[in-house]
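*Asks:* The following block contains the structure, expressed as C-alpha cells.
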Amino acid sequence: MSTKTSAPTQTAADQAVSKFLEYTHASTAAYFDACVHCGECAEACHFYLSTKNPIYTPIYKLQPMLKAYKRHKAPLSSIKRLFGLVPEQITKQELEEWSPLVYDSCNMCGRCTLACPMGIDIAFTIRKMREGFVAADIVPGDLRQSEKNALETGSPMRVQAKALQAQVRAQEKDCGIAIELDKKGADYLVILSSMEIMGYPEVIGSLAKIFKEAGIDWTISTKAYEATNVGIQIGSWDTARTLVQRVVDEAEHLGVKYVISPECGHAYSALRWQGPNLIGRSYDFEVIHIIELLHQLTTEGRLQMKSKNGRRLTLHDPCQIVRRGGLVKEPRALLNDVADHFEEMQGAGITNFCCGGGGGVSANSRAAKLQASAFECKMQQFNDIDGLELIVTPCANCRTVLEDGLEEHDSPLEVIGLSELLAQHLDHRQT
Amino acid sequence: MGHKTFSHAKLTLNSNQLSQGIAGVFLFMAAFLMLGSLVFPTNAKASSVRPPANATINALPENSSPQPAPKATGGFVPGNTLGNRSQTSFWKSVRDGAIGTRDTMQAFPSPLIQSQGQDWRYLRNNYISRYGGWLLIGVTGLIALFYLIRGRIKIKSGRSGAVIPRFSLTQRVVHWFTAVLFILLSISGLILLFGKHLFIPLIGKTAFGVVASASMQSHNLFGPLFIIATLTMFFVFLKGNGFKLVDLKWALKGGGFFGGHASSHRYNFGEKAWFWWAIILGITLSLSGLILEFPWLVGTNMWPLLAGLAHGGAALLMIAFAIGHIYIGTVGMEGSLEGMTRGSVDENWAREHHDLWYQEHNKEATGDHPPAKAQAATSKG
Amino acid sequence: MTFLEFVEGPAWYVAITIFTIGVLWRFLGIIAIGRRTDMSAPKGSASAGFVKAIFRHFLPRTIFAERTRVHILGGYSFHLGLFILLFFAAPHVVFIKAHILGFGWPALPRWAFIIAAQAAFAGLILLWVRRICDPVMRQISDWDDHVGTILTFLVMLTGCLALQESVEALRALHMLFVNIWLIYFPFSRLMHAFTFILSRGYTGATYGHRGIVP
C-alpha cells in the first residue's frame, strides 16, 4: 500500500480512483453509506460560513471519493450497476476542478464531525482522499514544493542544521542557559517546526528556561529537528512515513525516553497518532506534547509560576491538539495558572474555530483569498470578547496565521505561544 | 386572534364565546354567499342562509326520478303507511324545527327534525360546488388567456448575475411546508367536493366510495397540521405586509401587468393581498375545519352546517388565488421562483419588480457611504 | 388469489427476504472491508468511544443551533412518530403477531395513532421542504434522497388512508408500497437507519483511542 506501483497504462484518473478505493476502509464506507445529506456540516465549516457558498459544504468536498466508492466498492453496487444506478467514471478534469475544494477549502480541522448527526469524520476522509490527488499529481504547486524541500533538506522551509545551530546559540546567549545539541541518553528530545526555528526562536529560549526550572534533561538533534510533516498535509503516505521515520530513527539512536512534540498542531497528530501506523510499528519511546509535559510538571509542583499576566487574554485551540488530539483541559489549566483575566471565546475548546490555515492551506498561496475570508469567523470570535488584548495559542502555524489575519484587519491584538507565555512568568530572581 | 378564541373555547365547550368568535369569521363567508346569490340569481330564492322549508322540495333535481311521486290529496297519504291520514299542520311545524321531547335519545327538549341539513345540501350543491367549479375553471382560463397574450414576464434588462437575499430560510421552509399541506388538502378536498361528479361516471360508486373514504382520512389527518402552518406563516411573513399608499398606486396601474411600471416595496399590492387573503381564508378554513372534525366542540347542529359551507367556500377561493399565485411564481415570471428556492433573487429582477425595496436594500448594504446610484434613487423617491 | 392476498402473501415474503438479506449484506459488507488496527499508544478506550459516540450524536451541540434547529424538530418529530406508528399502530401489532413474531403487545388507541401520524408527517414534510429550499441541501442532494423520502411518504400516506380499516383495496395499496419500500431500502440511503451505528461508532473508536469523543 505504500509503494508507487502504478502501471504506465493507467491514466491519472485511474490512479486516483485506485488510491480512493485503497483508502476506503470500513469506517470510510460507513461514512459514505450513512450520510443523509442533511448539510449540517456546513454550519460548522468556516469556509462555508464566511462565504455562504454551498460548494464549501464539507461532505460535498468528498464527492469524487464517494463516487469511486459507489461505483466500485460499495456492497450491493454490482446489483445497482445492472440497473445503471452507479455514478459515472471519474475524469481527470473533474479531479482538477475538485482540487481547490480538497486542498484550498479544508483545514482538516474536523469541526464538521461535531455537527454531523452521523458523526462522520470528514476531515480524516479528506486526508485519505488527498492520497488519490497525489497519485494523479493534481496537487497545489506550493505544497509540492514544500514536500520536495522537506524530503531534500528535512524542512519544508529549507531550514538547514546550520541555521538551527545559529538560532540555538543566539538563544543561549539571550537566556544565559547552555543548550546541548545531539546529547545521547538525554531523557527528552525536543523537535521543532521550521516556523518556530526561523520565526519565533525565542521558543527555544523559553523551553531552556522552563526545563532548567523543572530540572529536565533534554536535547535538540541536528539530524532530526523538524517536527512538521508535509506528507500529512499533502496526503502522501510515503512522504509522511519518510519524515516520521527520520524522527523515530534519531530518537531511538539517541536513546531518549520521550520525544516532545512542539507547539504545532499537525506535527502532534503526525508523530503521536499517525506515526506508528505510518511506519508500521510502535515506538521505543513515548511522544508527549509540550502542553502535556508542562501540565504534568505544574501539577507535580516541579514548575511554579512566580507572577501572573494582568492582560485580558484568550486561548485559541489548535484543532489537531485540542479537538482531534484530546488536550482540552491541559492548556486551560496552564493558562489559569498564569493569567488574571483569562476569558474563553464562544465555542472554546472542542467546538472552537480553526485559524483557517491548517491542513496545508496556509502553505498554499492559491488558497490565500479563501483563507482570508475564512478568517472572518475567527475574527468575529475575538471581536466578541470585550477588551481583549492577547491571544495565546500552542501552535506556531496558528500563530502565524492569526498574526497575518490580525494585521490584515489592522487589529492591535497580539499573539503569543503558550510555553513562551509560561516562561515569562518563571521569575528566576525571586527563587 | 382566531387562535386565541379557539383555545379559549376549548376550555368552555359549547360556550357563546366560540359562536361569537366564529361568527365574525363567517360573516364574510355569508357576504360571499349573498354576493353569489345576487350575481347568479336562480329560480330558487335563497337570499338567506335559512331558506323557507319548502325550498328543499324545489331543490330536488327535476330529473332525479323518472316518475313523479304520488301526490297526497286531502290529507290521505299514499302507500302502505301506519295510518292513512297525515296531520299536516303537526308535521309542518315539526318540519319547521319545532321543539319537543322524544322517547329516546335526549331527555331535554330539542328540535325533532333537523331540516337545516336539507338547506345545507342545497347550498352546497347549487352554489358552492357549482359556482366554485366555475370559479376554478374561470381563473385557470383567465390565466391561460393572460399567458397567451402577455407571455412570460421576462427580466427586461436580463440577469445581472448579482443576487440579493429575499426570503430567509425560515420563511422558505414555512412557505413550502404550508404549500405541501395546501396541495395535499386541496387534492383530497376537491375529491370530496367534486369527486362524485367526476369519478362516479369513470370508476363507479364502489370505487369512488374507497377514494372518498381515503380522501376524508387524509384530509382530517393533514388539516390540523395546516392550522399550525397557517399561524406560523402569519408571524413569519407579517413584516412588510402592511398596506401603504404606494400599493394603491400599484393597484391603479394594474401592477404593471399590462405594461407601464408600478413601484413597490418588498411586497407589492398583489403579494400583500394574497398574504392577507391566505391568512383570513386560512383561519376560516382552520376554524370551520375544526368544527367539522370535532363537531362535539359546538352544541347545536347549526354550526357544523355553517362550517361546512364556509369551509367549502373559503377553500375554493383560496385555491383560485393559489392558482394565480403558483402561475406568477413559476411560469408567469422569470426569476420569481428562485426567491423561494434559493432565497435570493437577481438584482435586475428586484429593480424591475420591487424598485423601492431594491433601493432600501442598496442603502442598507452600502451603509454610511451610499454610492451615487443609491443617492440618485433616494432623491428620486 | 386476490390482490390483497398477493401483496400480503408472496409479494410480502419476497420483499421481506430481499430487505433482510440486503440489509445484512450491506451492513456486514461494510464491516468486512476492514480497517487498520491503530498502532499508536492509546490514551483512552476505542470500544468505549464507539459506544459513547453512538449516543453522543443523538443530541446536537447548541453552538450549531441555527442550522440544526429545523433538523432536530423535523428529525425527531418524524423518526419518533414513525417508530410509534411502525410498532404500536393497532393493525401493525396484529400483522406482526400474525406474520412475523407470533406474539403481540398492546397497541395505541386511535387518537394517539393520529397524533403520532401527524408528528411523523409534519417532520417528514419539514425535512423534505428543507431539502428543496436550502442551497446547501440542494447542492448535496441526489435522486435517492427524493425517492427515499417520497416512498416513505407514500407508505405512511397509504397507511393512513386505510385508517378506517373498512376497505380491502386501501389495505392492499398500503401493503404494495410497503413491499416496494422494503425492496428499495437496502439499495438506498434509507440504510442510514442501520449504518449510523457504524458511522458514529468508527469515529468514536478512532478518537476514543485518543482520549476524546467528538
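Residue numbering restarts at 1 in every chain; chains get A, B, ... in the order shown in the C-alpha cells, and ligands count up from 1 in that same order.
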I'd like the contact shell of Val361 of chain A - 10 Å cut-off, only C-alpha atoms, skipping same-chain residues fewer than 2 positions apart - returned as a list in words.
*Replies:* Tyr103, Asp104, Ser105, Cys106, Asn107, Met108, Pro140, Asp142, Leu143, Gln233, Ile234, Gly356, Gly357, Gly358, Gly359, Ala363, Asn364, Ser365, Arg366, Ala367, Ala368, Leu370 and Gln371 of chain A
*Asks:* Those same residues - N, CA, C and O atoms - I'd like them written as a PDB file, in the first residue's frame.
*Replies:*
ATOM      1  N   TYR A 103      -8.006  20.907  -1.435  1.00  0.00           N
ATOM      2  CA  TYR A 103      -6.794  21.459  -0.826  1.00  0.00           C
ATOM      3  C   TYR A 103      -6.959  22.872  -0.277  1.00  0.00           C
ATOM      4  O   TYR A 103      -6.310  23.247   0.686  1.00  0.00           O
ATOM      5  N   ASP A 104      -7.818  23.690  -0.921  1.00  0.00           N
ATOM      6  CA  ASP A 104      -7.884  25.103  -0.528  1.00  0.00           C
ATOM      7  C   ASP A 104      -8.961  25.371   0.517  1.00  0.00           C
ATOM      8  O   ASP A 104      -8.870  26.322   1.265  1.00  0.00           O
ATOM      9  N   SER A 105     -10.003  24.542   0.509  1.00  0.00           N
ATOM     10  CA  SER A 105     -11.159  24.882   1.340  1.00  0.00           C
ATOM     11  C   SER A 105     -11.350  23.888   2.478  1.00  0.00           C
ATOM     12  O   SER A 105     -12.445  23.777   3.007  1.00  0.00           O
ATOM     13  N   CYS A 106     -10.298  23.174   2.852  1.00  0.00           N
ATOM     14  CA  CYS A 106     -10.428  22.280   4.001  1.00  0.00           C
ATOM     15  C   CYS A 106      -9.153  22.321   4.832  1.00  0.00           C
ATOM     16  O   CYS A 106      -8.072  22.074   4.316  1.00  0.00           O
ATOM     17  N   ASN A 107      -9.307  22.647   6.096  1.00  0.00           N
ATOM     18  CA  ASN A 107      -8.180  22.661   7.023  1.00  0.00           C
ATOM     19  C   ASN A 107      -8.041  21.326   7.748  1.00  0.00           C
ATOM     20  O   ASN A 107      -7.221  21.203   8.643  1.00  0.00           O
ATOM     21  N   MET A 108      -8.885  20.380   7.389  1.00  0.00           N
ATOM     22  CA  MET A 108      -8.955  19.094   8.094  1.00  0.00           C
ATOM     23  C   MET A 108      -9.073  19.335   9.606  1.00  0.00           C
ATOM     24  O   MET A 108      -8.449  18.661  10.412  1.00  0.00           O
ATOM     25  N   PRO A 140      -1.610  21.328  -5.359  1.00  0.00           N
ATOM     26  CA  PRO A 140      -1.147  22.716  -5.473  1.00  0.00           C
ATOM     27  C   PRO A 140       0.369  22.785  -5.499  1.00  0.00           C
ATOM     28  O   PRO A 140       1.048  22.079  -4.732  1.00  0.00           O
ATOM     29  N   ASP A 142       2.598  24.850  -4.447  1.00  0.00           N
ATOM     30  CA  ASP A 142       3.309  25.217  -3.221  1.00  0.00           C
ATOM     31  C   ASP A 142       3.504  24.012  -2.310  1.00  0.00           C
ATOM     32  O   ASP A 142       4.557  23.852  -1.686  1.00  0.00           O
ATOM     33  N   LEU A 143       2.468  23.179  -2.216  1.00  0.00           N
ATOM     34  CA  LEU A 143       2.579  22.007  -1.351  1.00  0.00           C
ATOM     35  C   LEU A 143       3.592  21.030  -1.932  1.00  0.00           C
ATOM     36  O   LEU A 143       4.365  20.411  -1.206  1.00  0.00           O
ATOM     37  N   GLN A 233      -0.155  16.691   5.274  1.00  0.00           N
ATOM     38  CA  GLN A 233      -0.968  17.761   4.704  1.00  0.00           C
ATOM     39  C   GLN A 233      -1.305  17.506   3.238  1.00  0.00           C
ATOM     40  O   GLN A 233      -2.440  17.664   2.813  1.00  0.00           O
ATOM     41  N   ILE A 234      -0.288  17.109   2.490  1.00  0.00           N
ATOM     42  CA  ILE A 234      -0.497  16.933   1.047  1.00  0.00           C
ATOM     43  C   ILE A 234      -1.273  15.642   0.777  1.00  0.00           C
ATOM     44  O   ILE A 234      -1.949  15.510  -0.234  1.00  0.00           O
ATOM     45  N   GLY A 356      -7.892  28.769  10.164  1.00  0.00           N
ATOM     46  CA  GLY A 356      -8.089  28.869   8.722  1.00  0.00           C
ATOM     47  C   GLY A 356      -6.842  28.495   7.932  1.00  0.00           C
ATOM     48  O   GLY A 356      -6.877  28.478   6.708  1.00  0.00           O
ATOM     49  N   GLY A 357      -5.757  28.196   8.639  1.00  0.00           N
ATOM     50  CA  GLY A 357      -4.505  27.922   7.929  1.00  0.00           C
ATOM     51  C   GLY A 357      -4.043  26.485   7.997  1.00  0.00           C
ATOM     52  O   GLY A 357      -3.030  26.121   7.397  1.00  0.00           O
ATOM     53  N   GLY A 358      -4.785  25.650   8.745  1.00  0.00           N
ATOM     54  CA  GLY A 358      -4.339  24.269   8.912  1.00  0.00           C
ATOM     55  C   GLY A 358      -4.495  23.422   7.663  1.00  0.00           C
ATOM     56  O   GLY A 358      -5.014  23.874   6.644  1.00  0.00           O
ATOM     57  N   GLY A 359      -4.001  22.189   7.753  1.00  0.00           N
ATOM     58  CA  GLY A 359      -4.167  21.233   6.659  1.00  0.00           C
ATOM     59  C   GLY A 359      -3.476  21.645   5.381  1.00  0.00           C
ATOM     60  O   GLY A 359      -3.884  21.252   4.292  1.00  0.00           O
ATOM     61  N   ALA A 363       0.085  27.119   3.616  1.00  0.00           N
ATOM     62  CA  ALA A 363       1.278  26.973   2.775  1.00  0.00           C
ATOM     63  C   ALA A 363       0.920  27.017   1.291  1.00  0.00           C
ATOM     64  O   ALA A 363       1.780  26.877   0.436  1.00  0.00           O
ATOM     65  N   ASN A 364      -0.355  27.215   0.992  1.00  0.00           N
ATOM     66  CA  ASN A 364      -0.847  27.093  -0.369  1.00  0.00           C
ATOM     67  C   ASN A 364      -1.326  28.461  -0.833  1.00  0.00           C
ATOM     68  O   ASN A 364      -2.421  28.894  -0.490  1.00  0.00           O
ATOM     69  N   SER A 365      -0.502  29.148  -1.623  1.00  0.00           N
ATOM     70  CA  SER A 365      -0.818  30.544  -1.948  1.00  0.00           C
ATOM     71  C   SER A 365      -2.080  30.670  -2.797  1.00  0.00           C
ATOM     72  O   SER A 365      -2.746  31.697  -2.775  1.00  0.00           O
ATOM     73  N   ARG A 366      -2.433  29.579  -3.511  1.00  0.00           N
ATOM     74  CA  ARG A 366      -3.661  29.579  -4.299  1.00  0.00           C
ATOM     75  C   ARG A 366      -4.887  29.830  -3.414  1.00  0.00           C
ATOM     76  O   ARG A 366      -5.899  30.347  -3.853  1.00  0.00           O
ATOM     77  N   ALA A 367      -4.773  29.425  -2.123  1.00  0.00           N
ATOM     78  CA  ALA A 367      -5.923  29.489  -1.222  1.00  0.00           C
ATOM     79  C   ALA A 367      -5.986  30.782  -0.429  1.00  0.00           C
ATOM     80  O   ALA A 367      -6.879  30.959   0.399  1.00  0.00           O
ATOM     81  N   ALA A 368      -5.054  31.720  -0.711  1.00  0.00           N
ATOM     82  CA  ALA A 368      -4.915  32.895   0.154  1.00  0.00           C
ATOM     83  C   ALA A 368      -6.224  33.665   0.346  1.00  0.00           C
ATOM     84  O   ALA A 368      -6.592  34.027   1.459  1.00  0.00           O
ATOM     85  N   LEU A 370      -9.348  32.712  -0.083  1.00  0.00           N
ATOM     86  CA  LEU A 370     -10.341  31.931   0.652  1.00  0.00           C
ATOM     87  C   LEU A 370      -9.993  31.872   2.138  1.00  0.00           C
ATOM     88  O   LEU A 370     -10.855  31.972   3.008  1.00  0.00           O
ATOM     89  N   GLN A 371      -8.704  31.723   2.389  1.00  0.00           N
ATOM     90  CA  GLN A 371      -8.243  31.651   3.773  1.00  0.00           C
ATOM     91  C   GLN A 371      -8.547  32.956   4.504  1.00  0.00           C
ATOM     92  O   GLN A 371      -8.995  32.945   5.659  1.00  0.00           O
TER      93      GLN A 371
END
*Asks:* Any chance you could tabulate, as a Markdown table, the residues of chain A at most 8 Å from chain C with each one's nearest atom pair and distance in Å to one decimal, using only C-alpha atoms, in chain and rising number order?
*Replies:*
| residue | atom | partner | partner_atom | distance |
| --- | --- | --- | --- | --- |
| A:His25 | CA | C:Arg35 | CA | 5.1 |
| A:Ala26 | CA | C:Gly34 | CA | 4.9 |
| A:Ser27 | CA | C:Tyr202 | CA | 5.5 |
| A:Ala29 | CA | C:Ile30 | CA | 6.1 |
| A:Ala30 | CA | C:Ser199 | CA | 5.0 |
| A:Tyr31 | CA | C:Ser199 | CA | 5.1 |
| A:Asp33 | CA | C:Thr195 | CA | 6.6 |
| A:Ala34 | CA | C:His192 | CA | 4.5 |
| A:Cys35 | CA | C:His192 | CA | 7.0 |
| A:Val36 | CA | C:Arg189 | CA | 6.6 |
| A:His37 | CA | C:Ser141 | CA | 5.9 |
| A:Cys38 | CA | C:Met137 | CA | 6.1 |
| A:Gly39 | CA | C:Met137 | CA | 5.5 |
| A:Glu40 | CA | C:Arg67 | CA | 6.4 |
| A:Ala42 | CA | C:Val136 | CA | 7.3 |
| A:Glu43 | CA | C:Arg67 | CA | 6.2 |
| A:Ala44 | CA | C:Phe64 | CA | 6.8 |
| A:Pro54 | CA | C:Val136 | CA | 4.7 |
| A:Ile55 | CA | C:Gln139 | CA | 6.9 |
| A:Thr57 | CA | C:Val136 | CA | 6.6 |
| A:Ile59 | CA | C:Ile140 | CA | 7.9 |
| A:Tyr60 | CA | C:Ile140 | CA | 6.1 |
| A:Ala74 | CA | C:Ile30 | CA | 7.6 |
| A:Pro75 | CA | C:Arg26 | CA | 5.1 |
| A:Leu76 | CA | C:Arg26 | CA | 6.6 |
| A:Lys80 | CA | C:Phe187 | CA | 7.5 |
| A:Thr113 | CA | C:Pro214 | CA | 7.0 |
| A:Leu114 | CA | C:Pro214 | CA | 5.7 |
| A:Ala115 | CA | C:Phe64 | CA | 6.6 |
| A:Cys116 | CA | C:His57 | CA | 7.5 |
| A:Pro117 | CA | C:His57 | CA | 5.3 |
| A:Met118 | CA | C:Arg200 | CA | 5.4 |
| A:Gly119 | CA | C:Arg200 | CA | 4.5 |
| A:Ile120 | CA | C:Ser199 | CA | 6.0 |
| A:Asp121 | CA | C:Thr203 | CA | 6.1 |
| A:Arg272 | CA | C:Ser40 | CA | 6.8 |
| A:Trp273 | CA | C:Ser40 | CA | 5.4 |
| A:Gln274 | CA | C:Ser40 | CA | 7.1 |
| A:Gly275 | CA | C:Ser40 | CA | 7.3 |
| A:Pro276 | CA | C:Ser40 | CA | 5.2 |
| A:Asn277 | CA | C:Met39 | CA | 5.4 |
| A:Gly280 | CA | C:Met39 | CA | 7.4 |
| A:Arg281 | CA | C:Met39 | CA | 6.4 |
| A:Ser282 | CA | C:Met39 | CA | 6.0 |
| A:Arg323 | CA | C:Pro214 | CA | 7.2 |
| A:Arg324 | CA | C:Tyr207 | CA | 7.1 |
| A:Gly325 | CA | C:Arg210 | CA | 6.4 |
| A:Gly326 | CA | C:Ile212 | CA | 5.0 |
| A:Gly347 | CA | C:Ile63 | CA | 6.7 |
| A:Ile350 | CA | C:Pro214 | CA | 7.6 |
| A:Thr351 | CA | C:Ile63 | CA | 7.9 |
*Asks:* Show me, as JSON, numbers by chain, every residue of chain B with an atom at most 7 Å from chain C, counting only C-alpha atoms.
*Replies:* {"B": [169, 172, 173, 176, 177, 210, 214, 217, 218, 221, 225, 340, 341, 342]}
*Asks:* Store the residues of this selection in a file with N, CA, C and O atoms, as a PDB file, in the first residue's frame.
*Replies:*
ATOM      1  N   LEU B 169     -34.290  31.457   5.225  1.00  0.00           N
ATOM      2  CA  LEU B 169     -34.512  30.006   5.194  1.00  0.00           C
ATOM      3  C   LEU B 169     -35.780  29.643   5.972  1.00  0.00           C
ATOM      4  O   LEU B 169     -36.569  28.803   5.536  1.00  0.00           O
ATOM      5  N   ARG B 172     -38.701  30.361   3.843  1.00  0.00           N
ATOM      6  CA  ARG B 172     -38.843  29.388   2.757  1.00  0.00           C
ATOM      7  C   ARG B 172     -39.381  28.059   3.272  1.00  0.00           C
ATOM      8  O   ARG B 172     -40.287  27.467   2.677  1.00  0.00           O
ATOM      9  N   VAL B 173     -38.829  27.611   4.388  1.00  0.00           N
ATOM     10  CA  VAL B 173     -39.276  26.330   4.937  1.00  0.00           C
ATOM     11  C   VAL B 173     -40.754  26.405   5.315  1.00  0.00           C
ATOM     12  O   VAL B 173     -41.539  25.521   4.978  1.00  0.00           O
ATOM     13  N   TRP B 176     -42.954  26.449   2.089  1.00  0.00           N
ATOM     14  CA  TRP B 176     -43.107  25.164   1.389  1.00  0.00           C
ATOM     15  C   TRP B 176     -43.830  24.137   2.245  1.00  0.00           C
ATOM     16  O   TRP B 176     -44.535  23.267   1.735  1.00  0.00           O
ATOM     17  N   PHE B 177     -43.633  24.235   3.540  1.00  0.00           N
ATOM     18  CA  PHE B 177     -44.358  23.341   4.448  1.00  0.00           C
ATOM     19  C   PHE B 177     -45.866  23.582   4.278  1.00  0.00           C
ATOM     20  O   PHE B 177     -46.644  22.646   4.093  1.00  0.00           O
ATOM     21  N   VAL B 210     -64.291   4.123  -2.014  1.00  0.00           N
ATOM     22  CA  VAL B 210     -62.945   3.894  -1.494  1.00  0.00           C
ATOM     23  C   VAL B 210     -62.128   5.192  -1.560  1.00  0.00           C
ATOM     24  O   VAL B 210     -61.495   5.611  -0.590  1.00  0.00           O
ATOM     25  N   ALA B 214     -60.739   7.389   1.590  1.00  0.00           N
ATOM     26  CA  ALA B 214     -59.311   7.677   1.701  1.00  0.00           C
ATOM     27  C   ALA B 214     -59.080   9.188   1.757  1.00  0.00           C
ATOM     28  O   ALA B 214     -58.271   9.678   2.552  1.00  0.00           O
ATOM     29  N   GLN B 217     -59.991  10.555   5.176  1.00  0.00           N
ATOM     30  CA  GLN B 217     -58.987  10.241   6.192  1.00  0.00           C
ATOM     31  C   GLN B 217     -57.774  11.166   6.071  1.00  0.00           C
ATOM     32  O   GLN B 217     -57.284  11.705   7.062  1.00  0.00           O
ATOM     33  N   SER B 218     -57.304  11.341   4.844  1.00  0.00           N
ATOM     34  CA  SER B 218     -56.096  12.156   4.699  1.00  0.00           C
ATOM     35  C   SER B 218     -56.421  13.625   4.960  1.00  0.00           C
ATOM     36  O   SER B 218     -55.618  14.352   5.537  1.00  0.00           O
ATOM     37  N   LEU B 221     -56.426  14.135   8.570  1.00  0.00           N
ATOM     38  CA  LEU B 221     -55.090  13.951   9.134  1.00  0.00           C
ATOM     39  C   LEU B 221     -54.221  15.194   8.934  1.00  0.00           C
ATOM     40  O   LEU B 221     -53.546  15.668   9.837  1.00  0.00           O
ATOM     41  N   LEU B 225     -52.422  20.000  10.844  1.00  0.00           N
ATOM     42  CA  LEU B 225     -51.068  20.492  10.559  1.00  0.00           C
ATOM     43  C   LEU B 225     -51.135  21.815   9.799  1.00  0.00           C
ATOM     44  O   LEU B 225     -50.302  22.696   9.974  1.00  0.00           O
ATOM     45  N   MET B 340     -37.844  31.826  -3.597  1.00  0.00           N
ATOM     46  CA  MET B 340     -38.413  30.867  -2.666  1.00  0.00           C
ATOM     47  C   MET B 340     -37.654  29.546  -2.639  1.00  0.00           C
ATOM     48  O   MET B 340     -37.856  28.734  -1.754  1.00  0.00           O
ATOM     49  N   THR B 341     -36.785  29.319  -3.611  1.00  0.00           N
ATOM     50  CA  THR B 341     -35.982  28.101  -3.549  1.00  0.00           C
ATOM     51  C   THR B 341     -34.603  28.412  -2.975  1.00  0.00           C
ATOM     52  O   THR B 341     -34.250  27.944  -1.914  1.00  0.00           O
ATOM     53  N   ARG B 342     -33.857  29.272  -3.672  1.00  0.00           N
ATOM     54  CA  ARG B 342     -32.518  29.580  -3.186  1.00  0.00           C
ATOM     55  C   ARG B 342     -32.526  30.671  -2.123  1.00  0.00           C
ATOM     56  O   ARG B 342     -31.562  30.867  -1.406  1.00  0.00           O
TER      57      ARG B 342
END
*Asks:* Quick one: distance from atom CA of Met333 of chain B to atom CA of Phe269 of chain B in Å, one decimal?
*Replies:*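 Atom CA of Phe269 of chain B lies 16.3 Å from atom CA of Met333 of chain B.
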*Asks:* Could you pull out the helix (DSSP H, G or I) residues of segment 25-196 of chain C from DSSP and send them as number ranges by chain?
*Replies:* C: 25-33, 46-56, 62-88, 90-100, 110-133, 135-140, 143-164, 168-187, 189-196
*Asks:* Go ahead and compute the interatomic distance for atom CA of Ile122 of chain A and atom CA of Tyr23 of chain A, in Å to one decimal.
*Replies:*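 One can read the atom CA of Ile122 of chain A to atom CA of Tyr23 of chain A distance as 13.4 Å.
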*Asks:* Enter the distance from atom CA of Glu420 of chain A to atom CA of Val401 of chain A, in Å, rounded to one decimal.
*Replies:*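 We find that atom CA of Glu420 of chain A and atom CA of Val401 of chain A lie 17.6 Å from each other.
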*Asks:* Please provide as a list in words all residues within 6 Å of segment 208-224 of chain A, with the sequence filter that same-chain residues fewer than 2 positions apart are discarded (counting only C-alpha atoms).
*Replies:*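 Here the qualifying residues turn out to be Ala161, Glu180, Leu181, Asp182, Lys183, Ala186, Asp187, Tyr188, Leu189, Val190, Gly205, Ser206, Glu226, Val247, Arg302, Leu303 and Ala423 of chain A.
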*Asks:* For the selection you just gave me, I'd like the residues written to a file as a CSV table (one decimal), in the first residue's frame, keeping N, CA and C atoms.
*Replies:*
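out30.csv written:
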chain,number,residue,atom,x,y,z
A,161,ALA,N,20.6,22.6,9.2
A,161,ALA,CA,21.1,22.4,10.5
A,161,ALA,C,21.9,23.6,11.0
A,180,GLU,N,22.6,21.7,25.1
A,180,GLU,CA,23.4,20.7,24.5
A,180,GLU,C,22.7,20.1,23.3
A,181,LEU,N,23.3,20.1,22.1
A,181,LEU,CA,22.7,19.5,21.0
A,181,LEU,C,23.2,18.1,20.8
A,182,ASP,N,22.4,17.2,20.2
A,182,ASP,CA,22.7,15.8,19.9
A,182,ASP,C,23.2,15.1,21.1
A,183,LYS,N,22.6,15.3,22.3
A,183,LYS,CA,23.1,14.7,23.5
A,183,LYS,C,22.5,13.2,23.6
A,186,ALA,N,19.9,11.6,26.7
A,186,ALA,CA,19.0,12.6,27.3
A,186,ALA,C,17.6,12.0,27.5
A,187,ASP,N,16.9,12.5,28.5
A,187,ASP,CA,15.5,12.0,28.7
A,187,ASP,C,14.6,12.4,27.6
A,188,TYR,N,14.7,13.7,27.2
A,188,TYR,CA,13.7,14.3,26.3
A,188,TYR,C,14.4,14.8,25.1
A,189,LEU,N,13.8,14.5,23.9
A,189,LEU,CA,14.3,15.1,22.6
A,189,LEU,C,13.2,16.1,22.2
A,190,VAL,N,13.7,17.3,22.0
A,190,VAL,CA,12.8,18.4,21.5
A,190,VAL,C,12.9,18.5,20.0
A,205,GLY,N,14.6,29.5,23.7
A,205,GLY,CA,15.0,30.1,25.0
A,205,GLY,C,14.0,29.8,26.1
A,206,SER,N,12.7,29.9,25.7
A,206,SER,CA,11.7,29.7,26.7
A,206,SER,C,11.7,28.3,27.3
A,226,GLU,N,13.1,18.7,12.6
A,226,GLU,CA,11.8,19.1,12.0
A,226,GLU,C,10.7,18.3,12.5
A,247,VAL,N,12.6,11.1,12.5
A,247,VAL,CA,12.5,11.4,13.9
A,247,VAL,C,12.6,10.2,14.7
A,302,ARG,N,6.8,20.7,40.1
A,302,ARG,CA,8.2,20.9,39.6
A,302,ARG,C,8.3,22.3,39.0
A,303,LEU,N,7.2,22.8,38.6
A,303,LEU,CA,7.2,24.1,37.9
A,303,LEU,C,6.2,25.0,38.5
A,423,ALA,N,7.0,30.8,30.2
A,423,ALA,CA,8.4,31.1,30.5
A,423,ALA,C,8.6,32.5,31.1
*Asks:* Compare B:Pro165, B:Leu198, B:Ala315, B:Ser213 by their minimum atom-to-atom distance to chain A, counting only C-alpha atoms, and give me the closest one.
*Replies:*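 Result for the nearest residue to chain A: B:Pro165.
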*Asks:* Extract, using only C-alpha atoms, all DNA, RNA and protein residues at most 8 Å from Met65 of chain A, discarding same-chain residues fewer than 2 positions from it, and format them as JSON, numbers by chain.
*Replies:* {"A": [17, 20, 21, 62, 63, 67, 68, 69, 129]}
*Asks:* At a cut-off of 10 Å, using only C-alpha atoms, what residues contact segment 138-150 of chain B? Leave out same-chain residues fewer than 4 positions from it and give the result as a list in words.
*Replies:*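 Once the adjacent positions are removed, what remains is Tyr131, Gly132, Gly133, Trp134, Phe257, Phe258, Gly259, Ile319, Ala320, Phe321, Ile323, Gly324, Tyr327, Ile328, Val331 and Gly332 of chain B.
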